[in-house]
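Peer 1: So here's structure38.tsv (TSV, N, CA and C atoms).
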chain	number	residue	atom	x	y	z
A	25	MET	N	85.91	75.31	90.01
A	25	MET	CA	86.11	76.44	90.89
A	25	MET	C	85.51	77.66	90.21
A	26	SER	N	84.72	78.39	90.95
A	26	SER	CA	84.07	79.56	90.38
A	26	SER	C	85.04	80.74	90.27
A	27	LEU	N	84.65	81.72	89.48
A	27	LEU	CA	85.48	82.90	89.28
A	27	LEU	C	85.65	83.66	90.59
A	28	ARG	N	84.57	83.74	91.35
A	28	ARG	CA	84.63	84.47	92.63
A	28	ARG	C	85.62	83.84	93.59
A	29	SER	N	85.61	82.52	93.70
A	29	SER	CA	86.53	81.85	94.62
A	29	SER	C	87.98	81.98	94.14
A	30	ARG	N	88.20	81.95	92.79
A	30	ARG	CA	89.55	82.15	92.28
A	30	ARG	C	90.06	83.55	92.60
A	31	LEU	N	89.21	84.55	92.43
A	31	LEU	CA	89.61	85.92	92.73
A	31	LEU	C	89.89	86.11	94.21
A	32	LEU	N	89.05	85.51	95.04
A	32	LEU	CA	89.27	85.61	96.48
A	32	LEU	C	90.58	84.94	96.88
A	33	ARG	N	90.84	83.77	96.28
A	33	ARG	CA	92.07	83.06	96.60
A	33	ARG	C	93.29	83.86	96.15
A	34	ARG	N	93.23	84.45	94.97
A	34	ARG	CA	94.33	85.25	94.46
A	34	ARG	C	94.54	86.47	95.35
A	35	HIS	N	93.44	87.08	95.78
A	35	HIS	CA	93.54	88.27	96.62
A	35	HIS	C	94.19	87.93	97.97
A	36	THR	N	93.83	86.80	98.55
A	36	THR	CA	94.41	86.43	99.83
A	36	THR	C	95.88	86.07	99.69
A	37	VAL	N	96.26	85.46	98.56
A	37	VAL	CA	97.67	85.11	98.35
A	37	VAL	C	98.51	86.37	98.24
A	38	THR	N	98.06	87.36	97.47
A	38	THR	CA	98.84	88.59	97.36
A	38	THR	C	98.87	89.34	98.68
A	39	LYS	N	97.81	89.23	99.45
A	39	LYS	CA	97.77	89.91	100.74
A	39	LYS	C	98.79	89.29	101.68
A	40	THR	N	98.90	87.96	101.71
A	40	THR	CA	99.86	87.33	102.60
A	40	THR	C	101.28	87.59	102.12
A	41	ASN	N	101.53	87.64	100.79
A	41	ASN	CA	102.87	87.93	100.31
A	41	ASN	C	103.31	89.32	100.71
A	42	SER	N	102.43	90.31	100.58
A	42	SER	CA	102.80	91.67	100.96
A	42	SER	C	102.98	91.76	102.47
A	43	ALA	N	102.19	90.99	103.22
A	43	ALA	CA	102.32	91.01	104.68
A	43	ALA	C	103.66	90.41	105.09
A	44	THR	N	104.08	89.32	104.44
A	44	THR	CA	105.36	88.73	104.80
A	44	THR	C	106.52	89.62	104.38
A	45	GLU	N	106.41	90.32	103.25
A	45	GLU	CA	107.47	91.24	102.85
A	45	GLU	C	107.57	92.39	103.84
A	46	GLU	N	106.43	92.91	104.28
A	46	GLU	CA	106.44	93.99	105.27
A	46	GLU	C	107.02	93.50	106.59
A	47	ASN	N	106.66	92.28	106.98
A	47	ASN	CA	107.17	91.69	108.21
A	47	ASN	C	108.68	91.48	108.10
A	48	LEU	N	109.15	91.06	106.92
A	48	LEU	CA	110.58	90.84	106.72
A	48	LEU	C	111.34	92.16	106.82
A	49	ARG	N	110.80	93.23	106.23
A	49	ARG	CA	111.45	94.54	106.33
A	49	ARG	C	111.53	95.00	107.78
A	50	THR	N	110.47	94.78	108.53
A	50	THR	CA	110.46	95.15	109.94
A	50	THR	C	111.49	94.33	110.71
A	51	MET	N	111.58	93.05	110.43
A	51	MET	CA	112.53	92.20	111.12
A	51	MET	C	113.96	92.58	110.77
A	52	LEU	N	114.23	92.91	109.51
A	52	LEU	CA	115.59	93.27	109.11
A	52	LEU	C	116.01	94.58	109.75
A	53	GLY	N	115.06	95.46	110.04
A	53	GLY	CA	115.36	96.72	110.69
A	53	GLY	C	115.73	96.54	112.15
A	54	MET	N	115.44	95.37	112.72
A	54	MET	CA	115.76	95.12	114.12
A	54	MET	C	117.25	94.91	114.34
A	55	LEU	N	117.96	94.43	113.32
A	55	LEU	CA	119.41	94.23	113.43
A	55	LEU	C	120.10	95.54	113.08
A	56	LYS	N	120.80	96.14	114.06
A	56	LYS	CA	121.36	97.47	113.85
A	56	LYS	C	122.76	97.41	113.27
A	57	TYR	N	123.74	96.94	114.02
A	57	TYR	CA	125.12	96.92	113.55
A	57	TYR	C	125.94	95.96	114.41
A	58	PRO	N	127.08	95.46	113.89
A	58	PRO	CA	127.94	94.62	114.71
A	58	PRO	C	128.74	95.45	115.70
A	59	VAL	N	129.06	94.86	116.82
A	59	VAL	CA	129.83	95.53	117.86
A	59	VAL	C	131.30	95.17	117.68
A	60	ILE	N	132.15	96.18	117.60
A	60	ILE	CA	133.59	95.96	117.49
A	60	ILE	C	134.23	96.53	118.76
A	61	SER	N	134.52	95.67	119.70
A	61	SER	CA	135.16	96.07	120.96
A	61	SER	C	136.19	95.00	121.32
A	62	ASP	N	136.90	95.21	122.41
A	62	ASP	CA	137.92	94.25	122.83
A	62	ASP	C	137.29	92.88	123.11
A	63	LYS	N	136.22	92.89	123.87
A	63	LYS	CA	135.58	91.63	124.23
A	63	LYS	C	134.96	90.96	123.00
A	64	ALA	N	134.36	91.75	122.13
A	64	ALA	CA	133.73	91.18	120.93
A	64	ALA	C	134.76	90.56	120.00
A	65	THR	N	135.94	91.17	119.87
A	65	THR	CA	136.97	90.58	119.02
A	65	THR	C	137.57	89.32	119.65
A	66	ARG	N	137.62	89.26	120.98
A	66	ARG	CA	138.05	88.01	121.63
A	66	ARG	C	137.03	86.91	121.39
A	67	LEU	N	135.74	87.26	121.38
A	67	LEU	CA	134.70	86.26	121.15
A	67	LEU	C	134.70	85.75	119.70
A	68	LEU	N	135.24	86.54	118.77
A	68	LEU	CA	135.30	86.09	117.37
A	68	LEU	C	136.13	84.82	117.23
A	69	GLU	N	137.14	84.65	118.07
A	69	GLU	CA	137.96	83.45	118.03
A	69	GLU	C	137.16	82.21	118.43
A	70	LEU	N	136.12	82.41	119.23
A	70	LEU	CA	135.25	81.30	119.66
A	70	LEU	C	134.04	81.13	118.75
A	71	ASN	N	134.06	81.81	117.59
A	71	ASN	CA	132.97	81.77	116.61
A	71	ASN	C	131.69	82.36	117.18
A	72	LYS	N	131.85	83.43	117.98
A	72	LYS	CA	130.71	84.16	118.54
A	72	LYS	C	130.76	85.59	118.01
A	73	TYR	N	129.62	86.08	117.54
A	73	TYR	CA	129.53	87.41	116.96
A	73	TYR	C	128.55	88.25	117.77
A	74	THR	N	128.88	89.53	117.94
A	74	THR	CA	128.07	90.42	118.77
A	74	THR	C	127.43	91.49	117.90
A	75	PHE	N	126.12	91.68	118.06
A	75	PHE	CA	125.36	92.68	117.31
A	75	PHE	C	124.50	93.50	118.25
A	76	MET	N	124.31	94.78	117.92
A	76	MET	CA	123.31	95.59	118.59
A	76	MET	C	121.99	95.35	117.87
A	77	VAL	N	120.93	95.12	118.62
A	77	VAL	CA	119.62	94.85	118.04
A	77	VAL	C	118.59	95.77	118.69
A	78	ASP	N	117.40	95.77	118.11
A	78	ASP	CA	116.30	96.56	118.65
A	78	ASP	C	115.87	96.00	120.00
A	79	LYS	N	115.38	96.87	120.87
A	79	LYS	CA	114.96	96.43	122.21
A	79	LYS	C	113.80	95.45	122.16
A	80	ARG	N	112.98	95.52	121.10
A	80	ARG	CA	111.80	94.65	121.01
A	80	ARG	C	112.12	93.27	120.45
A	81	ALA	N	113.34	93.07	119.93
A	81	ALA	CA	113.70	91.79	119.29
A	81	ALA	C	113.87	90.70	120.35
A	82	ASN	N	113.37	89.52	120.00
A	82	ASN	CA	113.58	88.38	120.90
A	82	ASN	C	114.56	87.41	120.25
A	83	LYS	N	114.94	86.38	120.97
A	83	LYS	CA	115.98	85.47	120.51
A	83	LYS	C	115.58	84.75	119.22
A	84	PHE	N	114.34	84.38	119.11
A	84	PHE	CA	113.87	83.66	117.92
A	84	PHE	C	113.99	84.52	116.67
A	85	THR	N	113.55	85.77	116.75
A	85	THR	CA	113.63	86.64	115.56
A	85	THR	C	115.08	86.99	115.23
A	86	ILE	N	115.91	87.18	116.25
A	86	ILE	CA	117.33	87.46	115.99
A	86	ILE	C	117.97	86.29	115.27
A	87	LYS	N	117.66	85.08	115.70
A	87	LYS	CA	118.21	83.89	115.04
A	87	LYS	C	117.76	83.81	113.59
A	88	LYS	N	116.49	84.05	113.31
A	88	LYS	CA	115.98	83.99	111.95
A	88	LYS	C	116.60	85.07	111.06
A	89	ILE	N	116.79	86.27	111.60
A	89	ILE	CA	117.38	87.37	110.84
A	89	ILE	C	118.82	87.04	110.46
A	90	ILE	N	119.62	86.56	111.42
A	90	ILE	CA	121.03	86.25	111.16
A	90	ILE	C	121.14	85.11	110.14
A	91	GLU	N	120.30	84.09	110.28
A	91	GLU	CA	120.34	82.98	109.33
A	91	GLU	C	119.94	83.43	107.94
A	92	TYR	N	118.98	84.36	107.84
A	92	TYR	CA	118.51	84.83	106.54
A	92	TYR	C	119.55	85.74	105.86
A	93	ILE	N	120.12	86.68	106.60
A	93	ILE	CA	121.05	87.65	105.99
A	93	ILE	C	122.38	87.01	105.63
A	94	PHE	N	122.98	86.27	106.56
A	94	PHE	CA	124.34	85.78	106.37
A	94	PHE	C	124.42	84.33	105.90
A	95	ASP	N	123.30	83.63	105.80
A	95	ASP	CA	123.23	82.25	105.33
A	95	ASP	C	124.17	81.35	106.16
A	96	VAL	N	123.99	81.36	107.47
A	96	VAL	CA	124.77	80.55	108.40
A	96	VAL	C	123.81	79.80	109.33
A	97	ASP	N	124.35	78.83	110.05
A	97	ASP	CA	123.56	78.09	111.04
A	97	ASP	C	123.87	78.63	112.42
A	98	VAL	N	122.85	79.11	113.11
A	98	VAL	CA	123.00	79.67	114.44
A	98	VAL	C	122.72	78.59	115.47
A	99	ILE	N	123.64	78.39	116.40
A	99	ILE	CA	123.47	77.40	117.46
A	99	ILE	C	122.80	78.02	118.67
A	100	ASN	N	123.27	79.22	119.07
A	100	ASN	CA	122.79	79.81	120.32
A	100	ASN	C	122.73	81.32	120.18
A	101	VAL	N	121.76	81.94	120.87
A	101	VAL	CA	121.64	83.39	120.92
A	101	VAL	C	121.52	83.81	122.38
A	102	ASN	N	122.45	84.64	122.83
A	102	ASN	CA	122.38	85.22	124.18
A	102	ASN	C	122.10	86.70	124.03
A	103	THR	N	121.17	87.22	124.82
A	103	THR	CA	120.85	88.65	124.74
A	103	THR	C	121.04	89.30	126.10
A	104	LEU	N	121.34	90.60	126.08
A	104	LEU	CA	121.46	91.35	127.31
A	104	LEU	C	121.11	92.80	127.02
A	105	MET	N	120.58	93.47	128.03
A	105	MET	CA	120.28	94.89	127.94
A	105	MET	C	121.44	95.64	128.58
A	106	THR	N	122.00	96.60	127.83
A	106	THR	CA	123.08	97.38	128.40
A	106	THR	C	122.52	98.29	129.49
A	107	PRO	N	123.25	98.50	130.57
A	107	PRO	CA	122.72	99.35	131.64
A	107	PRO	C	122.66	100.82	131.23
A	108	ARG	N	121.69	101.53	131.79
A	108	ARG	CA	121.56	102.97	131.50
A	108	ARG	C	122.69	103.71	132.21
A	109	LYS	N	123.29	104.66	131.49
A	109	LYS	CA	124.37	105.45	132.07
A	109	LYS	C	123.93	106.91	132.16
A	110	LYS	N	124.18	107.49	133.31
A	110	LYS	CA	123.79	108.89	133.51
A	110	LYS	C	124.88	109.79	132.93
A	111	ARG	N	124.47	110.81	132.19
A	111	ARG	CA	125.39	111.76	131.59
A	111	ARG	C	124.97	113.17	131.97
A	112	THR	N	125.96	114.03	132.22
A	112	THR	CA	125.69	115.42	132.56
A	112	THR	C	126.39	116.32	131.55
A	113	VAL	N	125.65	117.25	130.97
A	113	VAL	CA	126.20	118.25	130.07
A	113	VAL	C	125.86	119.61	130.68
A	114	GLY	N	126.87	120.21	131.28
A	114	GLY	CA	126.62	121.48	131.97
A	114	GLY	C	125.73	121.25	133.17
A	115	ARG	N	124.61	121.95	133.21
A	115	ARG	CA	123.69	121.76	134.33
A	115	ARG	C	122.55	120.80	134.00
A	116	PHE	N	122.57	120.24	132.78
A	116	PHE	CA	121.53	119.31	132.35
A	116	PHE	C	121.97	117.88	132.57
A	117	ALA	N	121.13	117.09	133.19
A	117	ALA	CA	121.43	115.69	133.44
A	117	ALA	C	120.44	114.83	132.67
A	118	GLY	N	120.93	113.73	132.17
A	118	GLY	CA	120.07	112.81	131.43
A	118	GLY	C	120.71	111.44	131.36
A	119	TYR	N	120.14	110.58	130.54
A	119	TYR	CA	120.62	109.22	130.40
A	119	TYR	C	120.92	108.93	128.94
A	120	GLN	N	121.94	108.08	128.72
A	120	GLN	CA	122.22	107.60	127.38
A	120	GLN	C	121.13	106.60	126.99
A	121	PRO	N	120.89	106.43	125.71
A	121	PRO	CA	119.89	105.46	125.31
A	121	PRO	C	120.31	104.03	125.69
A	122	GLN	N	119.32	103.23	125.99
A	122	GLN	CA	119.56	101.85	126.38
A	122	GLN	C	119.40	100.95	125.15
A	123	TYR	N	120.33	100.02	124.95
A	123	TYR	CA	120.31	99.14	123.80
A	123	TYR	C	120.29	97.68	124.24
A	124	LYS	N	119.94	96.84	123.29
A	124	LYS	CA	119.98	95.40	123.53
A	124	LYS	C	121.12	94.84	122.69
A	125	LYS	N	121.91	93.98	123.31
A	125	LYS	CA	123.05	93.38	122.64
A	125	LYS	C	122.78	91.89	122.49
A	126	ALA	N	123.14	91.31	121.33
A	126	ALA	CA	122.95	89.89	121.10
A	126	ALA	C	124.30	89.26	120.77
A	127	ILE	N	124.62	88.17	121.44
A	127	ILE	CA	125.83	87.41	121.16
A	127	ILE	C	125.40	86.11	120.50
A	128	ILE	N	125.81	85.93	119.24
A	128	ILE	CA	125.34	84.81	118.43
A	128	ILE	C	126.47	83.80	118.29
A	129	THR	N	126.20	82.54	118.62
A	129	THR	CA	127.16	81.45	118.45
A	129	THR	C	126.81	80.71	117.17
A	130	LEU	N	127.80	80.57	116.28
A	130	LEU	CA	127.58	79.91	115.00
A	130	LEU	C	128.10	78.48	115.04
A	131	LYS	N	127.61	77.67	114.11
A	131	LYS	CA	128.05	76.30	113.94
A	131	LYS	C	129.50	76.29	113.49
A	132	ASP	N	130.28	75.27	113.88
A	132	ASP	CA	131.67	75.17	113.45
A	132	ASP	C	131.73	75.12	111.92
A	133	GLY	N	132.64	75.89	111.36
A	133	GLY	CA	132.78	75.95	109.90
A	133	GLY	C	132.07	77.13	109.28
A	134	ASP	N	131.08	77.70	109.97
A	134	ASP	CA	130.38	78.90	109.48
A	134	ASP	C	131.07	80.15	110.03
A	135	SER	N	131.05	81.22	109.24
A	135	SER	CA	131.62	82.47	109.71
A	135	SER	C	130.92	83.63	109.01
A	136	ILE	N	131.02	84.80	109.62
A	136	ILE	CA	130.47	86.05	109.06
A	136	ILE	C	131.66	86.97	108.80
A	137	ASN	N	131.75	87.49	107.60
A	137	ASN	CA	132.86	88.36	107.23
A	137	ASN	C	132.51	89.79	107.62
A	138	LEU	N	132.99	90.22	108.80
A	138	LEU	CA	132.71	91.58	109.28
A	138	LEU	C	133.67	92.60	108.70
A	139	PHE	N	134.86	92.16	108.27
A	139	PHE	CA	135.87	93.06	107.73
A	139	PHE	C	136.19	92.66	106.29
A	140	PRO	N	135.38	93.07	105.31
A	140	PRO	CA	135.61	92.62	103.94
A	140	PRO	C	136.83	93.29	103.31
A	141	ASP	N	137.78	92.49	102.87
A	141	ASP	CA	138.94	92.91	102.08
A	141	ASP	C	139.62	94.16	102.60
A	142	MET	N	140.14	94.10	103.80
A	142	MET	CA	140.86	95.25	104.35
A	142	MET	C	142.31	95.19	103.98
Take the structure in the file and write it out as structure tokens.
Peer 2:
Amino acid sequence: MSLRSRLLRRHTVTKTNSATEENLRTMLGMLKYPVISDKATRLLELNKYTFMVDKRANKFTIKKIIEYIFDVDVINVNTLMTPRKKRTVGRFAGYQPQYKKAIITLKDGDSINLFPDM
């Protein structure tokens, strides 16, 4: 193998590693926070967890992010867009921001600790 081909191969390997790290950072930024509401706490008993995610996230990336961060097996991912709500402040009218919600079903025996040592 010539020196030129070794350098080119090394350059492409570092390029792909930095690209995957950048992609991973972008993907991790898509998961915003867990939802703590009445319905979400009822779903915890069924081993279902609810998270707010970025509007651009799809089910496949949400599944990969949850499996990577929490080291669990995801069985199913359901997503929904929250409806826009109109708000009025004085004489100004506008809308609340629209979010995407993901309900993740985990394998039996797996769990995510949302309330550490309370």
Peer 1: To one decimal place, how far is atom N of Asp95 of chain A from atom CA of Ser135 of chain A in Å?
Peer 2: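 Atom CA of Ser135 of chain A lies 9.3 Å from atom N of Asp95 of chain A.
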Peer 1: Find the nearest atom pair between each residue of segment 46-89 of chain A and segment 103-110 of chain A for residues within 12 Å, count only C-alpha atoms, give distances in Å to one decimal, sort rows by chain and ascending number, and present the table as a tab-separated table.
Peer 2:
residue	atom	partner	partner_atom	distance
A:Tyr73	CA	A:Thr103	CA	11.7
A:Thr74	CA	A:Thr103	CA	9.5
A:Phe75	CA	A:Thr103	CA	9.6
A:Met76	CA	A:Thr103	CA	9.6
A:Val77	CA	A:Thr103	CA	9.2
A:Asp78	CA	A:Met105	CA	10.2
A:Lys79	CA	A:Met105	CA	8.0
A:Arg80	CA	A:Met105	CA	11.0
A:Ala81	CA	A:Thr103	CA	9.5
A:Asn82	CA	A:Thr103	CA	8.2
A:Lys83	CA	A:Thr103	CA	7.2
A:Phe84	CA	A:Thr103	CA	11.0
A:Thr85	CA	A:Thr103	CA	11.9
A:Ile86	CA	A:Thr103	CA	9.5
A:Lys87	CA	A:Thr103	CA	11.1
Peer 1: Apply DSSP to the structure's backbone, then extract all residues of segment 60-101 of chain A labelled alpha helix (DSSP H) and return them as a list of chain:residue names.
Peer 2: A:Asp62, A:Lys63, A:Ala64, A:Thr65, A:Arg66, A:Leu67, A:Leu68, A:Lys83, A:Phe84, A:Thr85, A:Ile86, A:Lys87, A:Lys88, A:Ile89, A:Ile90, A:Glu91, A:Tyr92, A:Ile93, A:Phe94
Peer 1: Between atom CA of Leu55 of chain A and atom CA of Gly133 of chain A, what is the spacing in Å?
Peer 2: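 Atom-to-atom, atom CA of Gly133 of chain A to atom CA of Leu55 of chain A, that is 22.9 Å.
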Peer 1: To one decimal place, how far is atom C of Val98 of chain A from atom N of Lys131 of chain A in Å?
Peer 2: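 About the pair atom C of Val98 of chain A and atom N of Lys131 of chain A: they are 5.2 Å apart.
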Peer 1: So which residues touch Val59 of chain A within 12 Å, counting only C-alpha atoms, skipping near sequence neighbours fewer than 3 positions away, as a ChimeraX atom specification?
Peer 2: /A:55-56,62-68,72-77,123-128,138
Peer 1: Can you list every residue in segment 62-133 of chain A that DSSP puts in strand (DSSP E), as a list in words?
Peer 2: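 Assigned to strand (DSSP E), within segment 62-133 of chain A: Lys72, Tyr73, Thr74, Phe75, Met76, Val77, Val98, Ile99, Asn100, Val101, Asn102, Thr103, Leu104, Met105, Lys110, Arg111, Thr112, Val113, Phe116, Ala117, Gly118, Tyr119, Lys124, Lys125, Ala126, Ile127, Ile128, Thr129 and Leu130 of chain A.
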Peer 1: From the options A:Ile60, A:Asn102, A:Asn71, A:Phe94, which residue's atoms come nearest to Asn137 of chain A, counting all atoms listed in the file?
Peer 2: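 Looking only at the distances to Asn137 of chain A, the closest residue turns out to be A:Phe94.
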